[in-house]
file coords15.cif (mmCIF, C-alpha atoms (C1' of nucleotides))
data_structure
#
loop_
_atom_site.label_atom_id
_atom_site.label_comp_id
_atom_site.auth_asym_id
_atom_site.auth_seq_id
_atom_site.Cartn_x
_atom_site.Cartn_y
_atom_site.Cartn_z
CA MET A 77 0.00 0.00 0.00
CA SER A 78 1.25 3.46 -0.79
CA GLU A 79 2.25 5.82 1.99
CA LYS A 80 -0.36 8.52 2.32
CA PRO A 81 0.38 11.86 4.03
CA THR A 82 -1.21 10.02 6.84
CA ALA A 83 -4.14 11.97 8.22
CA GLU A 84 -7.82 11.83 7.64
CA LEU A 85 -8.25 13.24 11.12
CA ASP A 86 -9.50 16.74 11.73
CA LEU A 87 -6.77 19.32 11.56
CA PHE A 88 -7.45 20.00 15.17
CA ASP A 89 -8.02 16.56 16.52
CA SER A 90 -9.33 17.26 19.98
CA THR A 91 -7.75 14.15 21.43
CA PHE A 92 -4.36 15.80 21.20
CA GLU A 93 -2.84 18.99 22.51
CA TYR A 94 -1.21 21.57 20.29
CA GLY A 95 0.60 23.74 22.80
CA GLN A 96 0.63 27.35 21.70
CA LEU A 97 0.47 26.50 18.00
CA PRO A 98 -3.21 27.34 17.49
CA SER A 99 -2.64 30.83 18.86
CA LEU A 100 0.10 31.63 16.36
CA THR A 101 -0.80 33.58 13.26
CA GLY A 102 2.15 32.07 11.43
CA PHE A 103 0.93 28.58 12.11
CA LEU A 104 -2.54 29.32 10.81
CA LEU A 105 -1.17 31.09 7.76
CA ARG A 106 1.03 28.18 6.95
CA LYS A 107 -1.75 25.70 7.34
CA ALA A 108 -4.08 27.69 5.15
CA SER A 109 -1.54 28.21 2.44
CA VAL A 110 -0.39 24.61 2.45
CA LEU A 111 -4.02 23.71 1.98
CA ASP A 112 -4.31 26.11 -0.89
CA PHE A 113 -1.10 24.98 -2.47
CA GLY A 114 -1.98 21.34 -2.12
CA ASN A 115 -5.02 21.61 -4.34
CA PHE A 116 -3.68 24.13 -6.78
CA GLY A 117 -2.26 21.85 -9.42
CA GLU A 118 -5.32 19.69 -9.34
CA ALA A 119 -7.62 22.71 -9.56
CA VAL A 120 -5.97 23.97 -12.71
CA GLY A 121 -5.83 20.51 -14.21
CA ASP A 122 -2.07 20.36 -14.53
CA ARG A 123 0.28 19.29 -11.75
CA THR A 124 3.20 21.13 -13.28
CA ILE A 125 1.58 24.54 -12.99
CA THR A 126 2.49 25.87 -9.58
CA PRO A 127 1.30 29.08 -7.99
CA LEU A 128 4.66 30.60 -8.77
CA ARG A 129 4.48 29.72 -12.44
CA TYR A 130 0.95 30.95 -12.63
CA SER A 131 2.00 34.22 -11.01
CA VAL A 132 4.69 34.64 -13.62
CA LEU A 133 2.22 34.27 -16.44
CA GLU A 134 -0.14 36.68 -14.76
CA VAL A 135 2.49 39.36 -14.25
CA VAL A 136 3.88 39.02 -17.75
CA GLY A 137 0.38 39.28 -19.14
CA ALA A 138 -0.22 42.42 -17.14
CA ASN A 139 3.11 44.00 -18.08
CA PRO A 140 3.98 43.15 -21.67
CA GLY A 141 7.62 43.68 -22.49
CA LEU A 142 8.78 43.42 -18.91
CA GLN A 143 12.48 42.82 -18.36
CA GLN A 144 13.35 39.55 -16.72
CA VAL A 145 15.11 41.40 -13.96
CA GLN A 146 11.97 43.38 -13.27
CA LEU A 147 9.88 40.26 -13.20
CA ALA A 148 12.25 38.78 -10.65
CA ALA A 149 12.05 41.91 -8.52
CA ILE A 150 8.27 42.01 -8.56
CA LEU A 151 7.88 38.42 -7.47
CA GLY A 152 10.89 38.26 -5.19
CA LEU A 153 12.78 35.74 -7.29
CA THR A 154 16.44 35.31 -7.96
CA LYS A 155 17.54 35.74 -11.54
CA PRO A 156 18.00 32.02 -12.15
CA ALA A 157 14.53 31.34 -10.79
CA ALA A 158 13.08 33.86 -13.21
CA THR A 159 15.00 32.31 -16.09
CA LEU A 160 13.65 28.88 -15.24
CA ALA A 161 10.06 30.03 -14.87
CA ILE A 162 10.21 31.78 -18.22
CA ASP A 163 11.82 28.72 -19.79
CA PHE A 164 8.89 26.70 -18.54
CA TRP A 165 6.32 28.88 -20.30
CA GLN A 166 8.44 29.39 -23.36
CA SER A 167 8.69 25.65 -23.84
CA ARG A 168 4.89 25.66 -23.95
CA ASN A 169 4.81 28.52 -26.43
CA CYS A 170 3.08 30.78 -23.96
CA ILE A 171 5.84 33.32 -23.43
CA ALA A 172 8.32 34.76 -25.90
CA ARG A 173 11.54 36.59 -25.18
CA ARG A 174 12.29 39.52 -27.45
CA GLN A 175 15.67 41.19 -27.45
CA ASP A 176 15.59 44.91 -26.85
CA ARG A 177 16.82 46.93 -29.83
CA LYS A 178 18.30 49.68 -27.68
CA ASP A 179 19.92 47.48 -25.06
CA ARG A 180 20.84 44.16 -26.51
CA ARG A 181 21.53 42.63 -23.11
CA SER A 182 17.94 42.90 -22.14
CA HIS A 183 15.06 40.68 -23.18
CA GLY A 184 11.47 41.78 -22.91
CA VAL A 185 8.98 39.03 -22.17
CA TYR A 186 5.58 38.85 -23.84
CA LEU A 187 2.64 36.55 -23.95
CA THR A 188 2.13 34.77 -27.24
CA PRO A 189 -1.43 34.35 -28.50
CA ALA A 190 -1.37 30.87 -27.00
CA GLY A 191 -0.16 32.46 -23.77
CA GLU A 192 -3.10 34.85 -23.76
CA ASP A 193 -5.50 31.95 -24.12
CA THR A 194 -3.78 29.92 -21.46
CA LEU A 195 -3.78 32.83 -19.06
CA ALA A 196 -7.47 33.55 -19.62
CA GLU A 197 -8.29 29.93 -18.96
CA LEU A 198 -6.05 29.77 -15.88
CA GLN A 199 -7.57 32.92 -14.45
CA LYS A 200 -10.96 31.29 -14.48
CA LEU A 201 -9.75 28.08 -12.91
CA VAL A 202 -7.64 29.80 -10.28
CA ALA A 203 -10.43 32.20 -9.35
CA ARG A 204 -12.78 29.28 -8.92
CA HIS A 205 -10.26 27.42 -6.83
CA ASP A 206 -9.67 30.47 -4.71
CA ARG A 207 -13.35 30.97 -4.06
CA GLY A 208 -13.54 27.32 -3.06
CA LEU A 209 -10.89 27.88 -0.45
CA THR A 210 -12.93 30.60 1.19
CA ALA A 211 -16.38 29.25 0.44
CA SER A 212 -17.28 29.25 4.10
CA LEU A 213 -16.83 33.03 4.40
CA SER A 214 -19.35 35.69 3.53
CA ALA A 215 -18.41 38.39 1.06
CA SER A 216 -17.80 40.91 3.78
CA GLU A 217 -15.72 38.49 5.79
CA LEU A 218 -13.65 37.79 2.74
CA GLY A 219 -13.10 41.49 2.30
CA GLN A 220 -11.99 41.78 5.91
CA LEU A 221 -9.60 38.89 5.52
CA HIS A 222 -8.02 40.46 2.47
CA SER A 223 -7.57 43.79 4.10
CA LEU A 224 -6.01 42.25 7.19
CA LEU A 225 -3.64 40.14 5.15
CA GLN A 226 -2.72 43.09 2.99
CA ARG A 227 -1.86 45.10 6.04
CA ILE A 228 0.39 42.38 7.36
CA VAL A 229 2.18 42.11 4.05
CA ALA A 230 2.52 45.85 3.62
CA SER A 231 3.82 46.35 7.14
CA GLN A 232 6.66 43.94 6.52
CA ALA A 233 7.58 45.27 3.12
CA GLU A 234 11.24 45.60 3.97
CA GLU A 235 11.68 41.83 4.11
CA VAL A 236 11.94 39.20 1.41
CA ALA A 237 9.13 39.01 -1.10
CA ALA A 238 6.90 36.18 -2.14
CA VAL A 239 5.78 33.72 -4.76
CA MET B 75 28.62 40.85 -5.41
CA SER B 76 26.27 38.27 -4.02
CA GLU B 77 22.91 37.68 -5.59
CA LYS B 78 20.20 39.07 -3.36
CA PRO B 79 16.56 37.94 -3.68
CA THR B 80 16.43 41.13 -5.62
CA ALA B 81 13.76 43.40 -4.26
CA GLU B 82 13.80 46.36 -2.02
CA LEU B 83 10.69 47.57 -3.77
CA ASP B 84 7.32 47.63 -2.11
CA LEU B 85 5.54 44.34 -2.35
CA PHE B 86 2.99 46.15 -4.43
CA ASP B 87 5.11 48.38 -6.55
CA SER B 88 2.55 50.63 -8.16
CA THR B 89 4.55 51.00 -11.36
CA PHE B 90 3.62 47.45 -12.31
CA GLU B 91 0.42 45.57 -12.77
CA TYR B 92 -0.41 42.37 -10.94
CA GLY B 93 -3.39 41.08 -12.88
CA GLN B 94 -5.83 39.32 -10.61
CA LEU B 95 -3.17 38.24 -8.14
CA PRO B 96 -3.99 40.82 -5.44
CA SER B 97 -7.58 39.64 -5.34
CA LEU B 98 -6.64 36.04 -4.62
CA THR B 99 -6.72 34.85 -1.04
CA GLY B 100 -4.18 32.19 -1.87
CA PHE B 101 -1.72 34.75 -3.15
CA LEU B 102 -2.02 36.87 -0.03
CA LEU B 103 -1.73 33.86 2.24
CA ARG B 104 1.38 32.73 0.48
CA LYS B 105 2.96 36.12 0.67
CA ALA B 106 2.21 36.47 4.34
CA SER B 107 3.48 33.05 5.22
CA VAL B 108 6.63 33.39 3.12
CA LEU B 109 7.26 36.57 5.04
CA ASP B 110 6.73 34.77 8.32
CA PHE B 111 8.85 31.83 7.32
CA GLY B 112 11.64 34.03 6.07
CA ASN B 113 12.27 35.58 9.43
CA PHE B 114 11.59 32.56 11.54
CA GLY B 115 15.06 31.09 11.83
CA GLU B 116 16.52 34.47 12.54
CA ALA B 117 13.85 35.24 15.14
CA VAL B 118 14.63 32.12 17.11
CA GLY B 119 18.36 32.63 16.76
CA ASP B 120 19.03 29.40 14.92
CA ARG B 121 18.69 28.93 11.19
CA THR B 122 18.27 25.20 11.50
CA ILE B 123 15.08 25.46 13.52
CA THR B 124 12.24 25.59 11.04
CA PRO B 125 8.58 26.11 11.79
CA LEU B 126 8.05 22.41 11.21
CA ARG B 127 10.71 21.37 13.67
CA TYR B 128 9.42 23.82 16.20
CA SER B 129 5.92 22.43 15.75
CA VAL B 130 7.22 18.95 16.41
CA LEU B 131 8.77 20.02 19.68
CA GLU B 132 5.62 21.83 20.67
CA VAL B 133 3.36 18.86 19.97
CA VAL B 134 5.65 16.38 21.69
CA GLY B 135 5.82 18.67 24.69
CA ALA B 136 2.05 18.88 24.82
CA ASN B 137 1.55 15.12 24.37
CA PRO B 138 4.26 13.23 26.21
CA GLY B 139 4.63 9.65 25.08
CA LEU B 140 3.05 10.22 21.71
CA GLN B 141 3.63 7.54 19.10
CA GLN B 142 5.61 8.66 16.08
CA VAL B 143 2.76 7.65 13.83
CA GLN B 144 0.42 9.84 15.81
CA LEU B 145 2.81 12.75 15.61
CA ALA B 146 2.93 12.33 11.85
CA ALA B 147 -0.84 12.25 11.64
CA ILE B 148 -1.28 15.38 13.73
CA LEU B 149 1.11 17.44 11.67
CA GLY B 150 0.35 15.90 8.30
CA LEU B 151 3.77 14.34 7.86
CA THR B 152 4.84 11.13 6.22
CA LYS B 153 6.49 8.59 8.48
CA PRO B 154 9.99 9.28 7.19
CA ALA B 155 9.51 12.99 7.73
CA ALA B 156 8.52 12.34 11.33
CA THR B 157 11.54 10.10 11.82
CA LEU B 158 13.84 12.83 10.51
CA ALA B 159 12.32 15.58 12.61
CA ILE B 160 12.63 13.46 15.72
CA ASP B 161 16.20 12.56 14.80
CA PHE B 162 16.95 16.26 14.63
CA TRP B 163 15.78 16.92 18.17
CA GLN B 164 17.18 13.70 19.54
CA SER B 165 20.62 14.66 18.25
CA ARG B 166 20.27 17.79 20.36
CA ASN B 167 19.16 15.81 23.40
CA CYS B 168 15.77 17.47 23.40
CA ILE B 169 13.63 14.47 22.55
CA ALA B 170 13.99 10.87 23.67
CA ARG B 171 12.40 7.81 22.14
CA ARG B 172 11.21 5.21 24.62
CA GLN B 173 10.14 1.77 23.48
CA ASP B 174 6.69 0.75 24.57
CA ARG B 175 6.67 -2.22 26.95
CA LYS B 176 3.37 -3.58 25.66
CA ASP B 177 4.01 -3.07 21.95
CA ARG B 178 7.66 -3.31 21.18
CA ARG B 179 7.22 -1.90 17.67
CA SER B 180 6.11 1.41 19.01
CA HIS B 181 8.24 4.19 20.42
CA GLY B 182 6.82 6.92 22.59
CA VAL B 183 8.49 10.30 22.25
CA TYR B 184 9.18 12.54 25.23
CA LEU B 185 10.89 15.80 25.96
CA THR B 186 14.08 15.52 27.96
CA PRO B 187 14.74 18.14 30.64
CA ALA B 188 16.89 19.96 28.07
CA GLY B 189 13.98 19.68 25.66
CA GLU B 190 11.65 21.30 28.19
CA ASP B 191 14.04 24.20 28.58
CA THR B 192 14.50 24.58 24.85
CA LEU B 193 10.78 24.50 24.25
CA ALA B 194 10.10 27.10 26.93
CA GLU B 195 12.70 29.37 25.39
CA LEU B 196 11.42 28.82 21.86
CA GLN B 197 7.87 29.52 22.89
CA LYS B 198 8.90 32.95 24.06
CA LEU B 199 10.89 33.74 20.94
CA VAL B 200 8.27 32.42 18.56
CA ALA B 201 5.47 34.27 20.32
CA ARG B 202 7.46 37.48 20.09
CA HIS B 203 8.18 36.88 16.43
CA ASP B 204 4.54 36.13 15.77
CA ARG B 205 3.39 39.31 17.47
CA GLY B 206 5.90 41.19 15.34
CA LEU B 207 4.32 39.85 12.21
CA THR B 208 0.94 41.23 13.20
CA ALA B 209 2.12 44.30 15.04
CA SER B 210 0.07 46.55 12.79
CA LEU B 211 -3.20 44.93 13.84
CA SER B 212 -5.24 45.73 16.92
CA ALA B 213 -6.11 42.97 19.35
CA SER B 214 -9.60 42.64 18.03
CA GLU B 215 -8.43 42.59 14.43
CA LEU B 216 -5.99 39.87 15.31
CA GLY B 217 -8.82 37.90 16.84
CA GLN B 218 -10.86 38.30 13.70
CA LEU B 219 -7.98 37.19 11.53
CA HIS B 220 -7.51 34.06 13.60
CA SER B 221 -11.13 33.15 13.50
CA LEU B 222 -11.31 33.65 9.75
CA LEU B 223 -8.21 31.58 9.15
CA GLN B 224 -9.45 28.87 11.45
CA ARG B 225 -12.68 28.66 9.54
CA ILE B 226 -10.83 28.29 6.26
CA VAL B 227 -8.67 25.56 7.65
CA ALA B 228 -11.55 23.75 9.31
CA SER B 229 -13.71 23.89 6.22
CA GLN B 230 -11.08 22.12 4.20
CA ALA B 231 -10.32 19.50 6.77
CA GLU B 232 -10.70 16.61 4.36
CA GLU B 233 -7.56 17.61 2.46
CA VAL B 234 -3.88 17.27 3.19
CA ALA B 235 -2.61 18.65 6.47
CA ALA B 236 -0.06 21.32 7.18
CA VAL B 237 3.26 22.66 8.35
"C1'" DC C 216 38.68 56.17 -26.88
"C1'" DT C 217 40.32 52.53 -24.16
"C1'" DA C 218 39.87 50.10 -19.66
"C1'" DT C 219 37.20 49.10 -15.79
"C1'" DT C 220 32.92 48.36 -13.76
"C1'" DT C 221 28.18 47.36 -13.84
"C1'" DT C 222 24.08 45.19 -15.60
"C1'" DA C 223 21.06 41.48 -18.08
"C1'" DG C 224 20.80 36.99 -18.57
"C1'" DT C 225 22.20 31.96 -18.63
"C1'" DT C 226 24.55 27.86 -17.08
"C1'" DA C 227 26.70 24.89 -13.56
"C1'" DT C 228 26.95 23.23 -9.11
"C1'" DT C 229 25.38 22.27 -4.84
"C1'" DG C 230 22.51 21.25 -0.98
"C1'" DT C 231 18.13 20.64 1.11
"C1'" DC C 232 14.22 18.39 1.58
"C1'" DA C 233 10.34 15.59 1.03
"C1'" DA C 234 8.18 11.60 -1.12
"C1'" DT C 235 8.22 6.90 -2.46
"C1'" DA C 236 9.65 2.41 -2.01
"C1'" DA C 237 11.68 -1.16 0.16
"C1'" DC C 238 12.78 -3.15 4.28
"C1'" DC C 239 12.89 -5.15 9.40
"C1'" DA C 240 10.53 -6.27 13.51
"C1'" DT C 241 6.49 -7.11 15.93
"C1'" DT C 242 1.75 -7.90 16.63
"C1'" DC C 243 -2.85 -9.31 15.05
"C1'" DC C 244 -5.82 -12.63 13.55
"C1'" DG C 245 -7.65 -16.18 10.70
"C1'" DC D 79 1.14 -21.70 12.66
"C1'" DG D 80 1.23 -18.43 8.66
"C1'" DG D 81 -0.20 -14.52 6.29
"C1'" DA D 82 -1.67 -9.70 6.71
"C1'" DA D 83 -1.30 -5.36 8.98
"C1'" DT D 84 1.30 -1.89 11.86
"C1'" DG D 85 5.34 0.99 13.78
"C1'" DG D 86 9.47 2.52 12.45
"C1'" DT D 87 13.90 3.14 9.75
"C1'" DT D 88 16.75 3.22 5.63
"C1'" DA D 89 17.64 3.95 0.63
"C1'" DT D 90 16.67 6.12 -3.48
"C1'" DT D 91 14.98 9.50 -6.15
"C1'" DG D 92 13.54 13.84 -7.91
"C1'" DA D 93 12.15 18.61 -7.51
"C1'" DC D 94 13.66 22.85 -6.50
"C1'" DA D 95 16.05 26.96 -5.12
"C1'" DA D 96 20.31 29.28 -4.00
"C1'" DT D 97 24.93 30.50 -4.99
"C1'" DA D 98 28.57 31.05 -7.93
"C1'" DA D 99 30.65 31.46 -12.11
"C1'" DC D 100 30.36 32.93 -16.70
"C1'" DT D 101 29.10 35.58 -21.33
"C1'" DA D 102 27.70 39.56 -23.55
"C1'" DA D 103 26.71 44.20 -23.72
"C1'" DA D 104 26.48 48.85 -21.95
"C1'" DA D 105 27.98 52.70 -18.91
"C1'" DT D 106 31.49 55.45 -17.14
"C1'" DA D 107 35.97 57.05 -15.59
"C1'" DG D 108 40.33 58.72 -16.83
#
call {"tool": "encode", "arguments": {"input": "coords15.cif", "output": "structure tokens"}}
result
Amino acid sequence: MSEKPTAELDLFDSTFEYGQLPSLTGFLLRKASVLDFGNFGEAVGDRTITPLRYSVLEVVGANPGLQQVQLAAILGLTKPAATLAIDFWQSRNCIARRQDRKDRRSHGVYLTPAGEDTLAELQKLVARHDRGLTASLSASELGQLHSLLQRIVASQAEEVAAV
Amino acid sequence: MSEKPTAELDLFDSTFEYGQLPSLTGFLLRKASVLDFGNFGEAVGDRTITPLRYSVLEVVGANPGLQQVQLAAILGLTKPAATLAIDFWQSRNCIARRQDRKDRRSHGVYLTPAGEDTLAELQKLVARHDRGLTASLSASELGQLHSLLQRIVASQAEEVAAV
DNA sequence: CTATTTTAGTTATTGTCAATAACCATTCCG
DNA sequence: CGGAATGGTTATTGACAATAACTAAAATAG
């Protein structure tokens, strides 16, 4: 039999103690985002599309001609990580690199027509998945959650960036 | 010059577009928890202590004599991952395995006296770090955030576990 | 205008980490 | 008793990200 990630128990099985873990914001954040991450590939119908890769496509779509260095800065990636993520989409004909005429070191990145289609499709699937994650919250609660999370993120802006 | 994770820009640099990313709960969760994770090792004064390892110590401290299989189930780990995490703390004399008299396959895990001290110290440091993360929120906002996150986590309890 | 430095990007190397699979020992149960 | 299930460890593998080293091109200092 294959080795499952073990638990079908409730995440807070009341027969055990959790120390101070349940009172830690970081612990709850991690749990929630692991949950989100765990279903992501399945939700978009392709295990190889991670949140990071999706974010790359989204940002390139929203900023055509972006430099790779800028993409890295926006998403908090190292240069090699950006190269790899772009390679991934380029190998699927969704992103094209175009050398800048003025500065031939620099390559602008663009969505191809196929990339546009893929992004549009992904946006739908990801939005659906995201609503599923928070299905138990009302619209106003969801708004509250977003504003609280945004404040946390903004208040720590001097640290490393994310996904 | 060494290759920094690039950005000193605001996490939402207004000169770029983010597509639908900012409206996704998953994106915000990931950002917040990457932020939290990034400072964790530094906050506890030891890079090798990860949130996962800390969680293990916390749970063992709260449930003396726990089976390793139970520990894995509680934290959503595979058996090998639990073995490794326990090895880590055992090598620091913080956790001891004790073979069960009744069932000689099973090993209960316990904090050693050094483990108790380490846990007590870590609890303080982690709590301080966690408050730092949410320093911009009022007490009641923090309470709201926790309850919203808990509802998300609870509502998805049938999926993979965390940390 | 050359020579040095800096910047954009890629490639190579390394290390961590987690998952699977295979394995041993013990217990359960027909 | 003998096979199936359980607790735990070990071995192997693969994904991934970080650093470092490198190429090419541009900026700048003298």
call {"tool": "calpha_fit_and_write", "arguments": {"input": "coords15.cif", "fixed": "chain A", "moving": "chain B", "output": "short mmCIF file (atom, residue, chain, number, x, y, z; two decimals) with C-alpha atoms, keeping the file's coordinate frame"}}
result
data_model
loop_
_atom_site.label_atom_id
_atom_site.label_comp_id
_atom_site.auth_asym_id
_atom_site.auth_seq_id
_atom_site.Cartn_x
_atom_site.Cartn_y
_atom_site.Cartn_z
CA MET B 75 0.10 -0.05 0.13
CA SER B 76 1.29 3.41 -0.71
CA GLU B 77 2.28 5.81 2.01
CA LYS B 78 -0.35 8.50 2.35
CA PRO B 79 0.40 11.83 4.07
CA THR B 80 -1.26 10.01 6.88
CA ALA B 81 -4.16 11.99 8.21
CA GLU B 82 -7.84 11.80 7.73
CA LEU B 83 -8.24 13.28 11.17
CA ASP B 84 -9.52 16.76 11.75
CA LEU B 85 -6.81 19.34 11.54
CA PHE B 86 -7.48 19.99 15.18
CA ASP B 87 -8.01 16.55 16.53
CA SER B 88 -9.30 17.25 20.00
CA THR B 89 -7.70 14.13 21.47
CA PHE B 90 -4.31 15.81 21.23
CA GLU B 91 -2.81 18.99 22.50
CA TYR B 92 -1.18 21.57 20.28
CA GLY B 93 0.63 23.76 22.78
CA GLN B 94 0.65 27.36 21.68
CA LEU B 95 0.51 26.51 17.99
CA PRO B 96 -3.18 27.37 17.47
CA SER B 97 -2.60 30.85 18.82
CA LEU B 98 0.13 31.64 16.32
CA THR B 99 -0.78 33.59 13.22
CA GLY B 100 2.15 32.07 11.41
CA PHE B 101 0.93 28.56 12.09
CA LEU B 102 -2.54 29.32 10.79
CA LEU B 103 -1.19 31.08 7.73
CA ARG B 104 1.01 28.15 6.92
CA LYS B 105 -1.78 25.68 7.32
CA ALA B 106 -4.10 27.68 5.14
CA SER B 107 -1.57 28.19 2.42
CA VAL B 108 -0.41 24.57 2.44
CA LEU B 109 -4.04 23.68 1.97
CA ASP B 110 -4.33 26.10 -0.91
CA PHE B 111 -1.12 24.96 -2.49
CA GLY B 112 -2.01 21.32 -2.15
CA ASN B 113 -5.04 21.60 -4.35
CA PHE B 114 -3.70 24.11 -6.79
CA GLY B 115 -2.26 21.83 -9.45
CA GLU B 116 -5.33 19.68 -9.37
CA ALA B 117 -7.64 22.70 -9.57
CA VAL B 118 -5.99 23.97 -12.72
CA GLY B 119 -5.85 20.50 -14.24
CA ASP B 120 -2.09 20.35 -14.54
CA ARG B 121 0.26 19.30 -11.78
CA THR B 122 3.19 21.12 -13.30
CA ILE B 123 1.57 24.52 -13.00
CA THR B 124 2.49 25.86 -9.60
CA PRO B 125 1.28 29.05 -8.00
CA LEU B 126 4.64 30.59 -8.79
CA ARG B 127 4.48 29.73 -12.46
CA TYR B 128 0.94 30.96 -12.65
CA SER B 129 1.99 34.22 -11.02
CA VAL B 130 4.69 34.64 -13.62
CA LEU B 131 2.21 34.28 -16.44
CA GLU B 132 -0.16 36.68 -14.76
CA VAL B 133 2.48 39.36 -14.25
CA VAL B 134 3.88 39.02 -17.76
CA GLY B 135 0.37 39.27 -19.14
CA ALA B 136 -0.25 42.42 -17.15
CA ASN B 137 3.09 44.01 -18.08
CA PRO B 138 3.98 43.15 -21.66
CA GLY B 139 7.62 43.67 -22.47
CA LEU B 140 8.78 43.43 -18.89
CA GLN B 141 12.48 42.84 -18.35
CA GLN B 142 13.35 39.55 -16.71
CA VAL B 143 15.11 41.40 -13.93
CA GLN B 144 11.97 43.38 -13.27
CA LEU B 145 9.88 40.25 -13.21
CA ALA B 146 12.25 38.78 -10.65
CA ALA B 147 12.04 41.89 -8.52
CA ILE B 148 8.26 41.98 -8.56
CA LEU B 149 7.87 38.40 -7.47
CA GLY B 150 10.88 38.23 -5.19
CA LEU B 151 12.77 35.73 -7.31
CA THR B 152 16.45 35.32 -7.97
CA LYS B 153 17.55 35.76 -11.56
CA PRO B 154 18.01 32.05 -12.18
CA ALA B 155 14.56 31.34 -10.81
CA ALA B 156 13.09 33.86 -13.23
CA THR B 157 15.01 32.32 -16.11
CA LEU B 158 13.65 28.88 -15.25
CA ALA B 159 10.07 30.02 -14.88
CA ILE B 160 10.22 31.78 -18.22
CA ASP B 161 11.83 28.73 -19.80
CA PHE B 162 8.89 26.70 -18.56
CA TRP B 163 6.33 28.88 -20.30
CA GLN B 164 8.45 29.42 -23.38
CA SER B 165 8.68 25.66 -23.86
CA ARG B 166 4.89 25.68 -23.96
CA ASN B 167 4.82 28.56 -26.44
CA CYS B 168 3.08 30.81 -23.96
CA ILE B 169 5.84 33.34 -23.41
CA ALA B 170 8.30 34.79 -25.90
CA ARG B 171 11.53 36.60 -25.16
CA ARG B 172 12.27 39.54 -27.43
CA GLN B 173 15.66 41.21 -27.42
CA ASP B 174 15.58 44.92 -26.81
CA ARG B 175 16.81 46.97 -29.77
CA LYS B 176 18.30 49.71 -27.61
CA ASP B 177 19.91 47.49 -24.99
CA ARG B 178 20.90 44.19 -26.46
CA ARG B 179 21.54 42.63 -23.04
CA SER B 180 17.93 42.92 -22.10
CA HIS B 181 15.06 40.70 -23.15
CA GLY B 182 11.47 41.80 -22.89
CA VAL B 183 8.98 39.04 -22.15
CA TYR B 184 5.58 38.86 -23.82
CA LEU B 185 2.63 36.55 -23.95
CA THR B 186 2.12 34.78 -27.24
CA PRO B 187 -1.44 34.37 -28.52
CA ALA B 188 -1.38 30.87 -27.01
CA GLY B 189 -0.16 32.44 -23.79
CA GLU B 190 -3.11 34.84 -23.77
CA ASP B 191 -5.51 31.95 -24.15
CA THR B 192 -3.79 29.92 -21.47
CA LEU B 193 -3.78 32.83 -19.08
CA ALA B 194 -7.46 33.55 -19.65
CA GLU B 195 -8.29 29.93 -18.97
CA LEU B 196 -6.07 29.77 -15.89
CA GLN B 197 -7.57 32.92 -14.48
CA LYS B 198 -10.97 31.30 -14.50
CA LEU B 199 -9.77 28.08 -12.92
CA VAL B 200 -7.66 29.79 -10.30
CA ALA B 201 -10.44 32.20 -9.36
CA ARG B 202 -12.81 29.28 -8.94
CA HIS B 203 -10.28 27.41 -6.85
CA ASP B 204 -9.67 30.47 -4.73
CA ARG B 205 -13.36 30.98 -4.09
CA GLY B 206 -13.55 27.33 -3.08
CA LEU B 207 -10.92 27.88 -0.46
CA THR B 208 -12.95 30.62 1.17
CA ALA B 209 -16.39 29.28 0.42
CA SER B 210 -17.29 29.28 4.10
CA LEU B 211 -16.82 33.04 4.40
CA SER B 212 -19.34 35.71 3.52
CA ALA B 213 -18.41 38.42 1.05
CA SER B 214 -17.78 40.94 3.75
CA GLU B 215 -15.70 38.51 5.79
CA LEU B 216 -13.64 37.79 2.73
CA GLY B 217 -13.09 41.50 2.29
CA GLN B 218 -11.96 41.80 5.87
CA LEU B 219 -9.58 38.90 5.50
CA HIS B 220 -8.00 40.47 2.44
CA SER B 221 -7.55 43.80 4.07
CA LEU B 222 -5.99 42.25 7.16
CA LEU B 223 -3.62 40.14 5.11
CA GLN B 224 -2.69 43.09 2.96
CA ARG B 225 -1.83 45.11 6.01
CA ILE B 226 0.42 42.35 7.31
CA VAL B 227 2.19 42.08 4.02
CA ALA B 228 2.53 45.83 3.58
CA SER B 229 3.84 46.34 7.08
CA GLN B 230 6.67 43.95 6.47
CA ALA B 231 7.58 45.29 3.09
CA GLU B 232 11.26 45.67 3.90
CA GLU B 233 11.75 41.90 4.05
CA VAL B 234 12.02 39.22 1.42
CA ALA B 235 9.24 38.99 -1.13
CA ALA B 236 6.88 36.17 -1.93
CA VAL B 237 5.47 33.37 -4.02
#
call {"tool": "closest_residue", "arguments": {"input": "coords15.cif", "among": "A:Ala211, A:Ile228, A:Ala196, A:Leu97", "to": "Tyr128 of chain B", "atoms": "only C-alpha atoms"}}
result
A:Leu97
call {"tool": "resolve_selection", "arguments": {"input": "coords15.cif", "expression": "the PyMOL selection byres ((chain A and resi 208) around 12)", "output": "PyMOL selection string"}}
result
(chain A and resi 111-112+115-116+119+201-207+209-213+218) or (chain B and resi 98-100+226-227+229-230)
call {"tool": "interface_residues", "arguments": {"input": "coords15.cif", "of": "chain B", "to": "chain C", "cutoff": "9 Å", "atoms": "all atoms listed in the file", "output": "NGL selection string"}}
result
:B and (152 or 154-155 or 177-179)
call {"tool": "resolve_selection", "arguments": {"input": "coords15.cif", "expression": "the PyMOL selection byres ((chain B) within 12 of (chain D))", "output": "PyMOL selection string"}}
result
chain B and resi 75-79+141-144+146+152-158+160-161+171+173-174+177-182
call {"tool": "atom_distance", "arguments": {"input": "coords15.cif", "atom1": "atom CA of Phe90 of chain B", "atom2": "atom CA of Leu224 of chain A"}}
result
22.4 Å
call {"tool": "closest_residue", "arguments": {"input": "coords15.cif", "among": "A:Ala108, A:Ile171, A:Val120, A:Val136", "to": "chain B", "atoms": "all atoms listed in the file"}}
result
A:Ala108
